[in-house]
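First the structure, in the form of structure tokens, and then the observations on it.
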Amino acid sequence: MVQGNVELLKKMLNESKYTVALCGSGMLEEAGFITVKTPERAYEIEEKYGVSPEYLFSSVYYNTRAGEFFEFYKNEMLNVNLELTQSSYALAAMERAGKLQCTITSNIYEMAKRAGCQNVIHLHGSIYQNKCPNCGRMYSVDYIKNAKRVPLCESCNTMIRPLVSLFGETLDSQLMTRTTQEIEKADVLLVLGTTLDSEVFSNYIKYFNGSRVIIIHKRQHYSDERADIVFYDEPKNVLGQLGY
């Protein structure tokens with residue numbers, strides 16, 4: 001394992017025929033958003049709503065306590081001002097330069113896509129996709145935000161479903177298959193704002209048969225030893241130096 005060598009990182013990316021980036025919660029943290037699973041934020045939410053975020057943001061709560069679900073969802077998940085960071089723009093520049101072939105993200109805010117990335121897998125869905133489960137009509141995130149209480153379909157009056165993965169739900173099997181296939185093809189795996197033992201990504205990382213693993217995250221982790229290069233920094237500070 002080598003620590004923090006930007007020139008070596010760029011050399012590996014230039015030599016790679018297929019690079020895949022995995023974007024974890026650290027990509028949201030560098031934009032100023034703390035996920036609801038973070039202990040401090042989870043405590044604040046439970047104090048505010050009287051229920052843990054794991055239950056608030058679950059399919060059970062969506063189906064049985066819709067008003068409370070959407071109050072939480074709109075206040076805590078949608079009412080955030082997430083500015084795109086240098087990381088997202090750097091990934092888009094890498095893709096345009098042919099140095100990045102796929103971005104796989106666990107965040108629901110489409111940060112890489114909004115910055116210009118084309119080949120993005122949103123493992124946990126997107127706040128920008130909202131669907132009527134009865135008639136299939138799609139709705140914007142602004143429609144959900146502006147709904148007085150529970151957003152209802154204008155065509156059939158059915159409660160709209162945000163197409164995001166709720167706690168306890170099984171992920172879309174097609175997305176899981178596509179994620180596995182992309183990682184299997186990769187020469188280089190770029191792990192950003194997460195670890196190799198991530199709850200989200202570890203089951204996919206085991207399919208990686210390529211030559212180089214590069215990690216960029218703020219906090220040290222025992223699994224870092226399995227990487228070729230590790231940068232202990234926010235991804236935006238490293239990716240911004242690549243100059244693609």
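As shown in the structure tokens, the chain order sets the letters A, B, ...; within each chain, residues go from 1, and ligands are also counted from 1 in the order they appear.
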
Next on the checklist: Neighbouring residues of Ile45 of chain A were defined as those with any atom within 10 Å, considering only C-alpha atoms; residues of the same chain fewer than 6 positions away were excluded. Please report them as a list in words.
Outcome noted: Val36, Pro39, Val51, Ser52, Pro53, Leu56, Phe72 and Glu76 of chain A

Generate the output file for the selected residues, N, CA and C atoms, as a PDB file, in the first residue's frame.
ATOM      1  N   VAL A  36     -28.426  10.075   7.501  1.00  0.00           N
ATOM      2  CA  VAL A  36     -29.280   9.803   8.663  1.00  0.00           C
ATOM      3  C   VAL A  36     -28.794   8.604   9.467  1.00  0.00           C
ATOM      4  N   PRO A  39     -24.450   8.348  13.713  1.00  0.00           N
ATOM      5  CA  PRO A  39     -25.000   8.303  15.076  1.00  0.00           C
ATOM      6  C   PRO A  39     -25.533   9.635  15.597  1.00  0.00           C
ATOM      7  N   VAL A  51     -39.001   8.695  16.655  1.00  0.00           N
ATOM      8  CA  VAL A  51     -38.819   7.402  15.981  1.00  0.00           C
ATOM      9  C   VAL A  51     -37.434   7.389  15.341  1.00  0.00           C
ATOM     10  N   SER A  52     -36.795   6.236  15.279  1.00  0.00           N
ATOM     11  CA  SER A  52     -35.465   6.146  14.673  1.00  0.00           C
ATOM     12  C   SER A  52     -35.555   6.357  13.166  1.00  0.00           C
ATOM     13  N   PRO A  53     -34.480   6.890  12.541  1.00  0.00           N
ATOM     14  CA  PRO A  53     -34.512   7.094  11.087  1.00  0.00           C
ATOM     15  C   PRO A  53     -34.653   5.785  10.318  1.00  0.00           C
ATOM     16  N   LEU A  56     -38.381   5.442  10.328  1.00  0.00           N
ATOM     17  CA  LEU A  56     -38.998   6.536   9.580  1.00  0.00           C
ATOM     18  C   LEU A  56     -38.833   6.359   8.076  1.00  0.00           C
ATOM     19  N   PHE A  72     -41.038  13.629   7.367  1.00  0.00           N
ATOM     20  CA  PHE A  72     -39.616  13.341   7.553  1.00  0.00           C
ATOM     21  C   PHE A  72     -38.860  13.439   6.233  1.00  0.00           C
ATOM     22  N   GLU A  76     -36.025  16.230   5.989  1.00  0.00           N
ATOM     23  CA  GLU A  76     -34.666  15.751   6.260  1.00  0.00           C
ATOM     24  C   GLU A  76     -33.923  15.258   5.026  1.00  0.00           C
TER      25      GLU A  76
END

- request: Could you give me the residues within segment 135-210 of chain A that DSSP places in helix (DSSP H, G or I), as a list in words?
  value: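 Residues meeting the helix (DSSP H, G or I) criterion: Val141, Asp142, Tyr143, Ile144, Lys145, Asn146, Ser173, Gln174, Leu175, Met176, Thr177, Arg178, Thr179, Thr180, Gln181, Glu182, Ile183, Glu184, Lys185, Ser202, Asn203, Tyr204 and Ile205 of chain A.
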
Checklist line | Spatial neighbours of Ile34 of chain A, 12 Å, only C-alpha atoms, chain gap at least 2 places, as a ChimeraX atom specification | finding: /A:24-32,36-42,44-45,76-77,80,82,107

File of the preceding selection, C-alpha atoms, as a PDB file, in the first residue's frame:
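So selection-v5.pdb came out as:
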ATOM      1  CA  GLY A  24     -20.013   6.299  -0.807  1.00  0.00           C
ATOM      2  CA  SER A  25     -21.396   8.527   1.931  1.00  0.00           C
ATOM      3  CA  GLY A  26     -18.115  10.459   2.183  1.00  0.00           C
ATOM      4  CA  MET A  27     -19.023  12.089  -1.134  1.00  0.00           C
ATOM      5  CA  LEU A  28     -22.093  13.540   0.577  1.00  0.00           C
ATOM      6  CA  GLU A  29     -20.147  14.530   3.687  1.00  0.00           C
ATOM      7  CA  GLU A  30     -17.737  16.648   1.659  1.00  0.00           C
ATOM      8  CA  ALA A  31     -20.792  18.490   0.298  1.00  0.00           C
ATOM      9  CA  GLY A  32     -21.936  19.178   3.856  1.00  0.00           C
ATOM     10  CA  VAL A  36     -29.280   9.803   8.663  1.00  0.00           C
ATOM     11  CA  LYS A  37     -27.334   6.682   9.651  1.00  0.00           C
ATOM     12  CA  THR A  38     -24.586   8.767  11.285  1.00  0.00           C
ATOM     13  CA  PRO A  39     -25.000   8.303  15.076  1.00  0.00           C
ATOM     14  CA  GLU A  40     -25.224  12.029  15.920  1.00  0.00           C
ATOM     15  CA  ARG A  41     -27.781  12.737  13.185  1.00  0.00           C
ATOM     16  CA  ALA A  42     -29.768   9.597  13.991  1.00  0.00           C
ATOM     17  CA  GLU A  44     -31.191  14.232  16.571  1.00  0.00           C
ATOM     18  CA  ILE A  45     -33.854  12.765  14.287  1.00  0.00           C
ATOM     19  CA  GLU A  76     -34.666  15.751   6.260  1.00  0.00           C
ATOM     20  CA  MET A  77     -33.990  14.270   2.812  1.00  0.00           C
ATOM     21  CA  VAL A  80     -31.126  20.172   1.750  1.00  0.00           C
ATOM     22  CA  LEU A  82     -26.449  20.112  -1.812  1.00  0.00           C
ATOM     23  CA  ASN A 107     -26.354   8.496  -2.785  1.00  0.00           C
TER      24      ASN A 107
END

Quick one: of A:Ser140, A:Asn63, A:Ser165, A:Thr19, who's nearest to Cys153 of chain A, counting only C-alpha atoms?
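When distances to Cys153 of chain A are compared using only C-alpha atoms, the smallest one comes from A:Ser140.
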
message = Residues of segment 35-105 of chain A classed as strand (DSSP E) by DSSP on the backbone are to be reported as a ChimeraX atom specification.
response = /A:102-105

Can you write out the residues you just picked, keeping C-alpha atoms, as a tab-separated table (two decimals), in the first residue's frame?
chain	number	residue	atom	x	y	z
A	102	CYS	CA	-18.70	3.85	-14.94
A	103	THR	CA	-19.69	5.54	-11.67
A	104	ILE	CA	-21.62	3.54	-9.08
A	105	THR	CA	-23.11	5.58	-6.26

Correct to one decimal, the distance atom CA of Leu175 of chain A-atom CA of Cys23 of chain A is 15.2 Å

Spatial neighbours of segment 115-131 of chain A, 9 Å, only C-alpha atoms, chain gap at least 5 places, as number ranges by chain: A: 77-78, 84-85, 88-96, 101-110, 136-142, 144, 153, 160-166, 171-172, 175-176, 178-179, 200

Counting only C-alpha atoms, closest pick from A:Ala147, A:Ala66, A:Met12, A:Met111 relative to Asp228 of chain A is A:Met12

(message) Quick check, in Å to one decimal: how far apart do atom CA of Val188 of chain A and atom CA of Arg212 of chain A lie?
(response)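 Separation of atom CA of Val188 of chain A and atom CA of Arg212 of chain A: 4.8 Å.
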
Handout entry: Atom pair atom CA of Ile229 of chain A / atom CA of Ala186 of chain A: separation (Å)
Key =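 Value for the atom CA of Ile229 of chain A-atom CA of Ala186 of chain A distance: 16.3 Å.
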
Q. Any idea what's packed within 10 Å of Asn5 of chain A, counting only C-alpha atoms, ignoring anything in its chain fewer than 4 positions away? Could you give it as a list in words?
A.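 Here the answer would be Leu9, Lys10, Ile229, Val230, Phe231 and Val238 of chain A.
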
Worksheet item: Using only C-alpha atoms, which of the listed residues (A:Ile205, A:Val191, A:Ile183, A:Leu100) sits closest to Leu13 of chain A?
Response: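 Closest to Leu13 of chain A of all the choices is A:Leu100.
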
Checklist entry - For Lys113 of chain A, which residue among A:Gly50, A:Cys132, A:Ser87, A:Met1 is the nearest when counting only C-alpha atoms? => result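 Among the listed residues, A:Ser87 lies closest to Lys113 of chain A.
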
Practice prompt. Find the residues near Gln220 of chain A: any atom within 10 Å, counting only C-alpha atoms, skip ones fewer than 4 places away on the same chain, and give them as a PyMOL selection string.
Written response: chain A and resi 195+216+224-225+230-233

Top pick for closest residue to Thr170 of chain A, considering A:Ser16, A:Ser59, A:Thr35, A:Asn203 and counting only C-alpha atoms: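 With only C-alpha atoms as the atom set, the closest residue is A:Ser59.
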
Compare A:Val150, A:Ala97, A:Ile214, A:Ala21 by their minimum atom-to-atom distance to Phe69 of chain A, counting only C-alpha atoms, and give me the closest one.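 Smallest distance to Phe69 of chain A is found for A:Val150.
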